[in-house]
$ cat query04.tsv   # TSV, C-alpha atoms and all ligand atoms
chain	number	residue	atom	x	y	z
A	1	MET	CA	-24.45	107.12	60.88
A	2	LYS	CA	-22.19	109.76	59.37
A	3	THR	CA	-18.60	108.74	58.69
A	4	ILE	CA	-15.64	111.09	58.75
A	5	ASN	CA	-15.91	111.37	54.96
A	6	ASP	CA	-19.42	112.86	55.27
A	7	PHE	CA	-18.27	115.96	57.15
A	8	ASN	CA	-17.30	119.34	55.80
A	9	PHE	CA	-14.50	120.58	58.03
A	10	LYS	CA	-14.07	123.99	56.39
A	11	ASP	CA	-13.47	126.57	59.15
A	12	LYS	CA	-14.69	124.15	61.81
A	13	LYS	CA	-13.03	123.56	65.16
A	14	VAL	CA	-12.66	119.79	65.29
A	15	LEU	CA	-12.04	118.14	68.63
A	16	ILE	CA	-10.21	114.86	68.09
A	17	ARG	CA	-9.72	112.37	70.93
A	18	VAL	CA	-6.49	110.60	70.05
A	19	ASP	CA	-4.48	108.03	71.96
A	20	PHE	CA	-1.06	109.62	72.29
A	21	ASN	CA	-0.23	107.60	75.38
A	22	VAL	CA	3.22	106.85	73.97
A	23	PRO	CA	6.28	105.50	75.80
A	24	LEU	CA	8.93	108.05	76.81
A	25	ASP	CA	12.54	107.43	77.82
A	26	ALA	CA	14.34	109.00	80.82
A	27	ASP	CA	14.94	112.18	78.78
A	28	PHE	CA	11.24	112.35	77.82
A	29	ALA	CA	11.90	111.42	74.20
A	30	VAL	CA	9.20	109.35	72.48
A	31	THR	CA	10.55	105.83	71.96
A	32	ASP	CA	7.66	104.51	69.86
A	33	ALA	CA	5.55	106.90	67.78
A	34	ASN	CA	3.16	104.25	66.39
A	35	ARG	CA	0.14	105.72	68.12
A	36	ILE	CA	0.85	109.16	66.68
A	37	GLU	CA	1.32	107.62	63.23
A	38	ALA	CA	-1.96	105.76	63.65
A	39	ALA	CA	-3.94	108.99	64.19
A	40	LYS	CA	-2.27	110.81	61.30
A	41	PRO	CA	-4.86	110.03	58.56
A	42	THR	CA	-7.69	111.45	60.67
A	43	ILE	CA	-5.77	114.59	61.62
A	44	LEU	CA	-4.71	115.23	58.02
A	45	LYS	CA	-8.27	114.70	56.79
A	46	VAL	CA	-9.44	117.53	59.08
A	47	ILE	CA	-6.56	119.81	58.15
A	48	GLU	CA	-6.88	119.19	54.42
A	49	GLY	CA	-10.61	119.89	54.74
A	50	GLY	CA	-9.78	123.34	56.13
A	51	GLY	CA	-10.59	122.71	59.80
A	52	THR	CA	-8.62	123.28	62.99
A	53	ALA	CA	-7.55	120.00	64.61
A	54	ILE	CA	-7.73	120.20	68.40
A	55	LEU	CA	-6.03	117.09	69.71
A	56	MET	CA	-6.78	115.78	73.17
A	57	SER	CA	-5.20	112.77	74.82
A	58	HIS	CA	-4.06	111.30	78.08
A	59	LEU	CA	-0.47	110.27	78.86
A	60	GLY	CA	0.45	107.89	81.65
A	61	ARG	CA	-1.45	107.65	84.90
A	62	PRO	CA	-0.81	110.98	86.61
A	63	LYS	CA	-2.38	111.77	89.97
A	64	GLY	CA	-3.00	115.45	89.38
A	65	VAL	CA	-0.52	117.61	87.45
A	66	GLU	CA	2.81	115.80	87.06
A	67	ASP	CA	5.36	117.27	84.67
A	68	GLN	CA	6.68	113.84	83.66
A	69	ASP	CA	3.30	113.15	82.06
A	70	SER	CA	2.96	116.47	80.25
A	71	LEU	CA	2.04	116.18	76.59
A	72	ARG	CA	4.51	118.99	75.99
A	73	HIS	CA	7.16	116.22	75.82
A	74	ILE	CA	5.64	114.81	72.68
A	75	VAL	CA	5.12	118.02	70.70
A	76	SER	CA	8.29	117.76	68.63
A	77	LYS	CA	7.67	114.10	67.76
A	78	THR	CA	4.08	114.92	66.82
A	79	GLN	CA	5.29	117.71	64.53
A	80	GLU	CA	7.81	115.36	62.97
A	81	VAL	CA	5.22	112.63	62.34
A	82	LEU	CA	2.55	115.00	61.02
A	83	GLY	CA	5.05	117.13	59.09
A	84	MET	CA	3.33	120.29	60.36
A	85	PRO	CA	3.67	122.73	63.25
A	86	VAL	CA	1.75	121.83	66.39
A	87	THR	CA	0.81	124.42	69.01
A	88	PHE	CA	0.85	123.12	72.56
A	89	VAL	CA	-1.91	124.42	74.84
A	90	PRO	CA	-0.89	124.13	78.54
A	91	ASP	CA	-4.31	122.99	79.78
A	92	CYS	CA	-7.32	121.29	78.22
A	93	VAL	CA	-10.22	123.33	79.64
A	94	GLY	CA	-10.86	126.89	80.82
A	95	SER	CA	-11.10	130.38	79.38
A	96	GLU	CA	-7.44	130.62	78.29
A	97	VAL	CA	-7.76	127.40	76.33
A	98	GLU	CA	-11.02	128.65	74.82
A	99	ASP	CA	-9.25	131.84	73.70
A	100	VAL	CA	-6.41	129.93	72.04
A	101	VAL	CA	-8.93	127.78	70.20
A	102	LYS	CA	-11.03	130.77	69.15
A	103	ASN	CA	-7.96	132.54	67.74
A	104	SER	CA	-6.58	129.49	65.95
A	105	LYS	CA	-6.42	129.54	62.17
A	106	SER	CA	-8.12	127.01	59.94
A	107	GLY	CA	-5.64	124.32	58.95
A	108	SER	CA	-3.70	124.53	62.23
A	109	ILE	CA	-3.12	121.85	64.86
A	110	LEU	CA	-3.44	122.35	68.61
A	111	LEU	CA	-2.40	119.78	71.20
A	112	LEU	CA	-4.10	120.15	74.56
A	113	GLU	CA	-2.38	119.25	77.84
A	114	ASN	CA	-2.93	115.82	79.41
A	115	LEU	CA	-6.64	115.22	80.06
A	116	ARG	CA	-5.82	113.16	83.13
A	117	PHE	CA	-4.34	116.18	84.91
A	118	HIS	CA	-8.02	116.65	85.75
A	119	PRO	CA	-9.42	113.75	87.80
A	120	GLU	CA	-12.83	114.50	86.24
A	121	GLU	CA	-11.58	112.92	83.01
A	122	GLU	CA	-11.45	109.36	84.38
A	123	LYS	CA	-14.52	109.95	86.57
A	124	GLY	CA	-16.47	110.84	83.43
A	125	THR	CA	-17.75	114.07	85.00
A	126	VAL	CA	-20.43	115.60	82.77
A	127	SER	CA	-19.51	119.24	83.52
A	128	PHE	CA	-15.88	118.56	82.58
A	129	ALA	CA	-16.97	116.87	79.35
A	130	GLU	CA	-19.15	119.90	78.65
A	131	GLN	CA	-16.17	122.22	79.11
A	132	LEU	CA	-14.16	120.15	76.64
A	133	ALA	CA	-17.10	120.10	74.24
A	134	LYS	CA	-17.20	123.90	74.22
A	135	LEU	CA	-13.92	123.84	72.30
A	136	GLY	CA	-15.25	122.15	69.18
A	137	ASP	CA	-17.97	122.17	66.53
A	138	ILE	CA	-17.37	118.53	65.66
A	139	TYR	CA	-16.16	115.65	67.85
A	140	ILE	CA	-14.13	112.76	66.45
A	141	ASN	CA	-13.10	109.77	68.53
A	142	ASP	CA	-9.99	108.08	67.14
A	143	ALA	CA	-8.69	106.58	70.38
A	144	PHE	CA	-9.40	102.85	70.23
A	145	GLY	CA	-7.04	102.15	73.14
A	146	THR	CA	-9.43	103.92	75.53
A	147	ALA	CA	-12.74	103.12	73.81
A	148	HIS	CA	-13.56	100.65	76.59
A	149	ARG	CA	-13.43	103.40	79.20
A	150	ALA	CA	-16.42	105.63	79.95
A	151	HIS	CA	-14.24	108.69	80.46
A	152	ALA	CA	-15.24	112.30	79.87
A	153	SER	CA	-13.29	112.71	76.61
A	154	THR	CA	-13.98	109.25	75.21
A	155	THR	CA	-17.67	108.78	75.97
A	156	VAL	CA	-19.47	111.41	78.03
A	157	ILE	CA	-18.52	114.24	75.67
A	158	ALA	CA	-20.36	112.69	72.70
A	159	GLN	CA	-23.78	113.75	74.06
A	160	PHE	CA	-22.85	117.36	73.33
A	161	PHE	CA	-22.48	116.60	69.63
A	162	PRO	CA	-25.73	114.81	68.75
A	163	GLU	CA	-25.32	115.41	65.02
A	164	ASN	CA	-21.65	116.25	64.79
A	165	LYS	CA	-19.76	113.22	66.06
A	166	THR	CA	-18.01	110.39	64.30
A	167	PHE	CA	-15.21	107.82	64.43
A	168	GLY	CA	-11.77	108.65	63.12
A	169	TYR	CA	-10.19	106.37	60.53
A	170	LEU	CA	-8.29	104.30	63.09
A	171	LEU	CA	-11.27	103.56	65.29
A	172	ALA	CA	-13.46	102.84	62.25
A	173	LYS	CA	-10.84	100.38	60.97
A	174	GLU	CA	-10.61	98.60	64.33
A	175	ILE	CA	-14.39	98.18	64.45
A	176	GLU	CA	-14.55	97.02	60.83
A	177	SER	CA	-11.77	94.45	61.37
A	178	ILE	CA	-13.38	92.88	64.37
A	179	HIS	CA	-16.80	92.80	62.71
A	180	LYS	CA	-15.16	91.09	59.77
A	181	VAL	CA	-14.01	88.31	62.08
A	182	LEU	CA	-17.08	88.00	64.31
A	183	ASN	CA	-19.73	88.34	61.59
A	184	SER	CA	-18.01	86.62	58.72
A	185	THR	CA	-19.90	84.69	56.07
A	186	ASP	CA	-16.58	83.57	54.60
A	187	LYS	CA	-15.59	80.20	55.99
A	188	PRO	CA	-13.68	78.59	57.60
A	189	VAL	CA	-13.02	81.01	60.43
A	190	THR	CA	-10.12	80.09	62.70
A	191	ALA	CA	-9.26	81.49	66.10
A	192	VAL	CA	-5.78	80.92	67.50
A	193	LEU	CA	-5.80	81.33	71.25
A	194	GLY	CA	-2.54	81.18	73.12
A	195	GLY	CA	-1.01	82.91	76.08
A	196	SER	CA	-0.60	81.76	79.61
A	197	LYS	CA	-4.01	81.19	81.13
A	198	VAL	CA	-7.44	79.78	80.30
A	199	SER	CA	-9.00	82.04	82.92
A	200	SER	CA	-8.11	85.22	81.04
A	201	LYS	CA	-9.49	83.88	77.75
A	202	ILE	CA	-12.64	82.14	78.87
A	203	THR	CA	-15.09	84.97	78.08
A	204	ILE	CA	-13.57	85.34	74.62
A	205	ILE	CA	-13.82	81.60	73.98
A	206	GLU	CA	-17.47	81.55	75.06
A	207	ASN	CA	-18.30	84.51	72.81
A	208	ILE	CA	-16.56	83.26	69.69
A	209	LEU	CA	-17.52	79.58	69.75
A	210	ASP	CA	-20.66	80.37	67.76
A	211	LYS	CA	-18.71	82.25	65.13
A	212	ILE	CA	-15.74	80.01	64.34
A	213	ASP	CA	-14.99	76.67	62.70
A	214	HIS	CA	-11.55	75.96	64.15
A	215	MET	CA	-10.06	76.80	67.51
A	216	ILE	CA	-6.31	76.37	67.82
A	217	ILE	CA	-5.16	76.27	71.41
A	218	GLY	CA	-1.53	76.90	72.31
A	219	GLY	CA	0.68	78.47	74.94
A	220	GLY	CA	0.38	77.78	78.62
A	221	MET	CA	-3.39	77.31	78.33
A	222	THR	CA	-2.73	73.99	76.62
A	223	PHE	CA	-1.84	72.17	79.81
A	224	THR	CA	-5.08	72.83	81.67
A	225	PHE	CA	-6.85	71.13	78.77
A	226	ILE	CA	-4.33	68.28	78.50
A	227	LYS	CA	-4.40	67.53	82.23
A	228	ALA	CA	-8.19	67.67	82.24
A	229	LEU	CA	-8.18	65.11	79.43
A	230	GLY	CA	-5.94	62.81	81.47
A	231	GLY	CA	-2.49	63.71	80.06
A	232	LYS	CA	0.73	63.93	82.07
A	233	ILE	CA	1.99	67.52	82.00
A	234	GLY	CA	5.07	67.41	84.28
A	235	SER	CA	5.56	70.85	85.83
A	236	SER	CA	3.92	72.78	82.99
A	237	ILE	CA	1.75	75.75	83.95
A	238	CYS	CA	-1.79	74.63	84.79
A	239	GLU	CA	-4.91	76.08	86.38
A	240	ASP	CA	-6.32	73.08	88.24
A	241	ASP	CA	-9.47	74.94	89.15
A	242	LYS	CA	-10.21	75.54	85.46
A	243	MET	CA	-9.99	71.90	84.34
A	244	GLU	CA	-13.75	71.40	84.55
A	245	LEU	CA	-14.18	74.54	82.48
A	246	ALA	CA	-11.74	73.22	79.88
A	247	LEU	CA	-13.81	70.04	79.52
A	248	GLU	CA	-16.95	72.16	79.23
A	249	ILE	CA	-15.33	74.14	76.39
A	250	ILE	CA	-14.47	70.91	74.59
A	251	ARG	CA	-18.07	69.69	75.02
A	252	LYS	CA	-19.55	72.95	73.76
A	253	ALA	CA	-17.17	73.06	70.81
A	254	LYS	CA	-18.26	69.55	69.76
A	255	GLU	CA	-21.91	70.58	70.03
A	256	LYS	CA	-21.28	73.60	67.80
A	257	ASN	CA	-19.13	71.68	65.33
A	258	VAL	CA	-16.03	73.68	66.18
A	259	GLN	CA	-12.87	71.67	65.68
A	260	ILE	CA	-10.43	72.12	68.55
A	261	HIS	CA	-6.74	71.71	67.75
A	262	LEU	CA	-4.58	71.08	70.80
A	263	PRO	CA	-0.81	70.59	70.48
A	264	VAL	CA	0.31	66.98	70.05
A	265	ASP	CA	3.95	67.59	70.97
A	266	VAL	CA	5.84	70.24	72.88
A	267	ILE	CA	9.32	71.59	73.48
A	268	ALA	CA	9.82	70.63	77.10
A	269	ALA	CA	12.46	72.30	79.26
A	270	ASP	CA	13.96	71.48	82.65
A	271	ALA	CA	13.83	75.19	83.61
A	272	PHE	CA	12.06	78.37	82.52
A	273	SER	CA	15.20	79.73	80.88
A	274	ASN	CA	17.04	80.18	77.60
A	275	THR	CA	19.83	78.01	78.98
A	276	ALA	CA	17.54	75.14	80.00
A	277	ASN	CA	17.97	71.63	78.60
A	278	ILE	CA	15.20	70.90	76.13
A	279	LYS	CA	13.63	67.91	74.43
A	280	ILE	CA	10.65	67.29	72.19
A	281	VAL	CA	8.03	65.15	73.92
A	282	ASP	CA	4.45	64.00	73.44
A	283	VAL	CA	2.09	66.59	74.97
A	284	ASN	CA	0.45	63.83	77.04
A	285	ASP	CA	3.67	62.50	78.40
A	286	ILE	CA	5.81	65.30	79.80
A	287	PRO	CA	8.29	63.91	82.35
A	288	ASP	CA	8.25	65.09	85.96
A	289	GLY	CA	10.39	68.19	86.43
A	290	TRP	CA	9.95	69.23	82.79
A	291	GLN	CA	7.58	71.88	81.47
A	292	GLY	CA	6.15	72.53	78.00
A	293	LEU	CA	7.22	75.98	76.84
A	294	ASP	CA	6.54	75.83	73.09
A	295	VAL	CA	4.67	73.69	70.59
A	296	GLY	CA	6.64	70.95	68.83
A	297	PRO	CA	7.30	70.24	65.12
A	298	LYS	CA	4.46	67.68	64.67
A	299	THR	CA	1.97	70.22	66.00
A	300	LEU	CA	3.21	72.85	63.57
A	301	GLU	CA	2.85	70.43	60.65
A	302	LEU	CA	-0.76	69.77	61.70
A	303	LEU	CA	-1.56	73.47	62.09
A	304	LYS	CA	-0.11	74.49	58.74
A	305	PRO	CA	-3.00	73.23	56.53
A	306	VAL	CA	-5.62	74.50	58.99
A	307	ILE	CA	-4.20	78.01	58.69
A	308	LYS	CA	-3.73	77.70	54.94
A	309	GLU	CA	-7.37	76.80	54.37
A	310	SER	CA	-8.82	79.47	56.67
A	311	LYS	CA	-10.53	82.46	55.11
A	312	ILE	CA	-10.59	84.45	58.34
A	313	ILE	CA	-8.04	84.18	61.14
A	314	LEU	CA	-8.07	85.76	64.56
A	315	TRP	CA	-4.81	85.47	66.47
A	316	ASN	CA	-4.80	86.23	70.16
A	317	GLY	CA	-1.91	84.98	72.27
A	318	PRO	CA	1.48	83.38	71.54
A	319	LEU	CA	1.95	79.62	71.10
A	320	GLY	CA	4.89	79.53	73.48
A	321	VAL	CA	7.22	81.62	75.61
A	322	PHE	CA	8.25	83.67	72.57
A	323	GLU	CA	10.20	86.16	74.69
A	324	LEU	CA	12.86	83.45	75.15
A	325	GLU	CA	14.50	82.58	71.84
A	326	LYS	CA	14.62	78.86	72.62
A	327	PHE	CA	10.82	78.77	72.80
A	328	SER	CA	9.92	81.23	70.06
A	329	ASN	CA	9.83	78.86	67.09
A	330	GLY	CA	6.14	77.92	67.43
A	331	THR	CA	4.97	81.52	67.54
A	332	ILE	CA	7.28	82.55	64.65
A	333	SER	CA	6.19	79.59	62.50
A	334	LEU	CA	2.52	80.26	63.15
A	335	GLY	CA	3.11	83.92	62.28
A	336	ASN	CA	4.71	82.86	59.02
A	337	TYR	CA	1.82	80.52	58.14
A	338	ILE	CA	-0.66	83.33	58.80
A	339	ALA	CA	1.46	85.72	56.72
A	340	GLU	CA	1.41	83.26	53.80
A	341	ALA	CA	-2.34	82.74	54.09
A	342	THR	CA	-2.84	86.51	54.20
A	343	GLN	CA	-0.85	86.87	51.02
A	344	SER	CA	-3.25	84.43	49.36
A	345	GLY	CA	-6.29	86.46	50.39
A	346	THR	CA	-7.13	85.36	53.94
A	347	PHE	CA	-8.16	88.13	56.32
A	348	SER	CA	-5.97	88.03	59.45
A	349	LEU	CA	-6.54	90.04	62.58
A	350	VAL	CA	-3.99	90.06	65.38
A	351	GLY	CA	-5.28	91.40	68.65
A	352	GLY	CA	-4.40	91.44	72.31
A	353	GLY	CA	-1.15	92.52	73.95
A	354	ASP	CA	1.29	89.66	73.58
A	355	SER	CA	0.51	88.46	70.08
A	356	VAL	CA	0.82	92.06	68.88
A	357	ALA	CA	4.21	92.27	70.63
A	358	ALA	CA	5.21	88.98	68.97
A	359	VAL	CA	4.31	90.02	65.40
A	360	LYS	CA	6.18	93.27	65.92
A	361	GLN	CA	9.22	91.52	67.36
A	362	PHE	CA	9.37	89.06	64.47
A	363	GLY	CA	8.83	91.66	61.73
A	364	LEU	CA	5.46	90.22	60.69
A	365	GLU	CA	3.30	93.27	61.33
A	366	SER	CA	3.04	94.38	57.71
A	367	LYS	CA	2.20	90.83	56.63
A	368	MET	CA	-1.03	90.65	58.65
A	369	SER	CA	-4.28	92.18	57.35
A	370	TYR	CA	-4.70	94.17	60.53
A	371	VAL	CA	-2.87	94.45	63.84
A	372	SER	CA	-5.02	95.99	66.52
A	373	THR	CA	-3.74	99.02	68.42
A	374	GLY	CA	-5.86	98.54	71.52
A	375	GLY	CA	-5.12	95.61	73.84
A	376	GLY	CA	-7.87	95.87	76.44
A	377	ALA	CA	-10.41	97.40	74.06
A	378	MET	CA	-9.89	94.63	71.51
A	379	LEU	CA	-10.25	91.92	74.16
A	380	GLU	CA	-13.51	93.43	75.40
A	381	MET	CA	-14.89	93.51	71.87
A	382	LEU	CA	-13.92	89.87	71.39
A	383	GLU	CA	-15.74	89.13	74.63
A	384	GLY	CA	-18.85	90.55	72.99
A	385	LYS	CA	-19.03	93.67	75.14
A	386	THR	CA	-20.30	96.97	73.81
A	387	LEU	CA	-17.58	99.53	74.34
A	388	PRO	CA	-18.87	102.80	75.83
A	389	GLY	CA	-16.71	104.95	73.53
A	390	ILE	CA	-18.17	103.21	70.48
A	391	ALA	CA	-21.75	103.19	71.73
A	392	ALA	CA	-21.53	106.93	72.48
A	393	ILE	CA	-20.83	107.67	68.83
A	394	GLU	CA	-23.28	105.15	67.41
A	395	ASN	CA	-26.26	106.13	69.59
A	396	ASN	CA	-28.00	109.44	69.75
A	401	LIG	P1	-1.38	86.22	77.96
A	401	LIG	O1	-1.01	87.53	78.58
A	401	LIG	O2	-2.33	85.40	78.77
A	401	LIG	O3	-1.77	86.33	76.51
A	401	LIG	O4	-0.04	85.36	78.00
A	401	LIG	C1	1.10	85.72	77.31
A	401	LIG	C2	2.26	85.08	77.97
A	401	LIG	O5	2.10	83.68	77.98
A	401	LIG	C3	3.58	85.35	77.27
A	401	LIG	O6	4.37	86.16	78.08
A	401	LIG	C4	4.18	83.97	77.11
A	401	LIG	O7	5.54	83.90	77.48
A	401	LIG	C5	3.38	83.10	78.06
A	401	LIG	N1	3.36	81.70	77.65
A	401	LIG	C6	3.14	81.20	76.44
A	401	LIG	N2	3.28	79.88	76.43
A	401	LIG	C7	3.60	79.49	77.68
A	401	LIG	C8	3.89	78.25	78.30
A	401	LIG	N3	3.85	77.12	77.61
A	401	LIG	N4	4.18	78.25	79.61
A	401	LIG	C9	4.22	79.40	80.30
A	401	LIG	N5	3.95	80.61	79.78
A	401	LIG	C10	3.64	80.66	78.49
$ encode --input "query04.tsv" --output "structure tokens"
Amino acid sequence: MKTINDFNFKDKKVLIRVDFNVPLDADFAVTDANRIEAAKPTILKVIEGGGTAILMSHLGRPKGVEDQDSLRHIVSKTQEVLGMPVTFVPDCVGSEVEDVVKNSKSGSILLLENLRFHPEEEKGTVSFAEQLAKLGDIYINDAFGTAHRAHASTTVIAQFFPENKTFGYLLAKEIESIHKVLNSTDKPVTAVLGGSKVSSKITIIENILDKIDHMIIGGGMTFTFIKALGGKIGSSICEDDKMELALEIIRKAKEKNVQIHLPVDVIAADAFSNTANIKIVDVNDIPDGWQGLDVGPKTLELLKPVIKESKIILWNGPLGVFELEKFSNGTISLGNYIAEATQSGTFSLVGGGDSVAAVKQFGLESKMSYVSTGGGAMLEMLEGKTLPGIAAIENN
């Protein structure tokens, strides 16, 4: 398969699917330009190679044309991030758009209007994808955040570029990072799974059990396991209907020689609040009326060497209610252990909404090997699913 580095972009019209679905404030100013930054290497590669970069993206969830979701709002931020002028094109298909593209100069950047102003985008309508395809000689997908959707611009369009399609740098990096974790020959491989519920992680757990050596369980998920094993969890969060499943996971892990690390102590609180009374208790003996909202100090001491010795670490989900300062210590400490391991050569991948939010909040982002940009897409890859946007580029 050709990579972006194998293409000659000289005088080519290059259609790049980016994920510029950025947050805007009430005045339509971009409040977080990370996603624009993330696509910058791919866009500059095309421009420096002498091509025209035609950027297409969605923004928000418009039902038809809604000015609040116009990509026009992000033009100035895009120019600032890319350090180059960007021409906004007020639609993404049609003869006027085709004319603008035809008349564009090599080395220029066009930003098309929101793809989702056309319902055919999300429906994956072939004729709409074909209209988009008309605009470019080469198609690059660099939108990992939507790679799990079979939309016109992310998947269906690729069939019109049998030879001339590839991943952008961001998408290639996401795929490489996850392959590094799931197909590693370096050992031990450790997965840290936290967050609130077992039910939302079960498919991931089933998929990765064959590929890991240690599974650290934290967060609210803990208590379904502890209760299933006969512990007393007070009023901690628990999915009673998943207790059998928890025991099944423990059985399977034993069979596959995966060591499961459950917390041994927790920070218990008498309310779900920063002003709650708290005490450190044994995870199996949480008093009635108290709930475990973070891992305790003994647990952290036990996890430290496991992290230190790991060669590959996947972190998905916080160890506690990190949004409340009183219960953030477990997640921060774990983040610091992973940062230290990373500095000594461990590969660390952080993926999935809340752990990404946690590393950002605690200033640990630059200390991880890779922090995924796509919540849902990353989770589906961890579940072992083939993402349509990736398959469309890989297959002919
Ligand atoms: P998830 O979306 O399943 O990854 O869950 C993330 C959420 O789990 C975060 O908002 C955390 O606050 C929450 N969480 C973590 N630990 C606990 C806990 N012990 N009890 C309740 N919620 C928790």
$ closest_residue --input "query04.tsv" --among "A:Lys2, A:Lys279, A:Lys211, A:Lys173" --to "A:Ala39" --atoms "only C-alpha atoms"
A:Lys173
$ residues_near_ligand --input "query04.tsv" --ligand "ligand LIG 401 (chain A)" --cutoff "6 Å" --atoms "only C-alpha atoms and all ligand atoms" --output "list in words"
Gly195, Ser196, Lys197, Gly219, Gly220, Ile237, Gly292, Leu293, Asp294, Gly317, Pro318, Leu319, Gly320, Val321, Phe322, Glu323 and Asp354 of chain A
$ residues_around --input "query04.tsv" --residues "A:Arg61" --least-positions-apart "5" --cutoff "12 Å" --atoms "only C-alpha atoms" --output "JSON, numbers by chain"
{"A": [21, 22, 66, 67, 68, 69, 70, 114, 115, 116, 117, 118, 119, 121, 122]}
$ residues_around --input "query04.tsv" --residues "A:Phe7" --least-positions-apart "6" --cutoff "10 Å" --atoms "all atoms listed in the file" --output "PyMOL selection string"
chain A and resi 46+49+138+164-166
$ write_last_selection --input "query04.tsv" --atoms "C-alpha atoms" --output "PDB file, in the frame of the given file"
ATOM      1  CA  VAL A  46      -9.440 117.530  59.080  1.00  0.00           C
ATOM      2  CA  GLY A  49     -10.610 119.890  54.740  1.00  0.00           C
ATOM      3  CA  ILE A 138     -17.370 118.530  65.660  1.00  0.00           C
ATOM      4  CA  ASN A 164     -21.650 116.250  64.790  1.00  0.00           C
ATOM      5  CA  LYS A 165     -19.760 113.220  66.060  1.00  0.00           C
ATOM      6  CA  THR A 166     -18.010 110.390  64.300  1.00  0.00           C
TER       7      THR A 166
END
$ closest_residue --input "query04.tsv" --among "A:Ala129, A:Ile212, A:Val14, A:Asp32" --to "A:Leu111" --atoms "all atoms listed in the file"
A:Val14
$ atom_distance --input "query04.tsv" --atom1 "atom CA of A:Pro263" --atom2 "atom CA of A:Thr346"
23.1 Å
$ atom_distance --input "query04.tsv" --atom1 "atom CA of A:Thr155" --atom2 "atom CA of A:Ala391"
8.1 Å
$ atom_distance --input "query04.tsv" --atom1 "atom CA of A:Glu239" --atom2 "atom CA of A:Met221"
8.3 Å
$ closest_residue --input "query04.tsv" --among "A:Met381, A:Ile226, A:Leu112, A:Ile278" --to "A:Cys238" --atoms "all atoms listed in the file"
A:Ile226
$ residues_around --input "query04.tsv" --residues "A:Gly330" --least-positions-apart "2" --cutoff "6 Å" --atoms "only C-alpha atoms" --output "ChimeraX atom specification"
/A:295,319,328,332-333
$ axis_aligned_box --input "query04.tsv" --around "stretch 265-271 of chain A" --padding-each-side "4 Å" --output "JSON"
{"center_x": 9.0, "center_y": 71.4, "center_z": 77.3, "size_x": 18.0, "size_y": 15.6, "size_z": 20.6}
$ closest_residue --input "query04.tsv" --among "A:Met56, A:Leu379, A:Leu334, A:Leu193" --to "A:Val359" --atoms "all atoms listed in the file"
A:Leu334
$ closest_residue --input "query04.tsv" --among "A:Phe28, A:Phe327, A:Phe362, A:Phe20" --to "A:Asp142" --atoms "only C-alpha atoms"
A:Phe20
$ residues_near_point --input "query04.tsv" --point "(4.1, 67.6, 78.2)" --cutoff "7 Å" --atoms "only C-alpha atoms" --output "PyMOL selection string"
chain A and resi 232-234+266+268+281-287+291-292
$ closest_residue --input "query04.tsv" --among "A:His148, A:Lys242, A:Lys10, A:Lys360" --to "A:Glu48" --atoms "all atoms listed in the file"
A:Lys10
$ residues_around --input "query04.tsv" --residues "A:Ser369" --least-positions-apart "4" --cutoff "12 Å" --atoms "only C-alpha atoms" --output "list of chain:residue names"
A:Lys173, A:Glu174, A:Glu176, A:Ser177, A:Ile178, A:Lys180, A:Val181, A:Lys311, A:Ile312, A:Ile313, A:Leu314, A:Trp315, A:Ile338, A:Ala339, A:Glu340, A:Ala341, A:Thr342, A:Gln343, A:Ser344, A:Gly345, A:Thr346, A:Phe347, A:Ser348, A:Leu349, A:Val350, A:Gly351, A:Val359, A:Leu364, A:Glu365
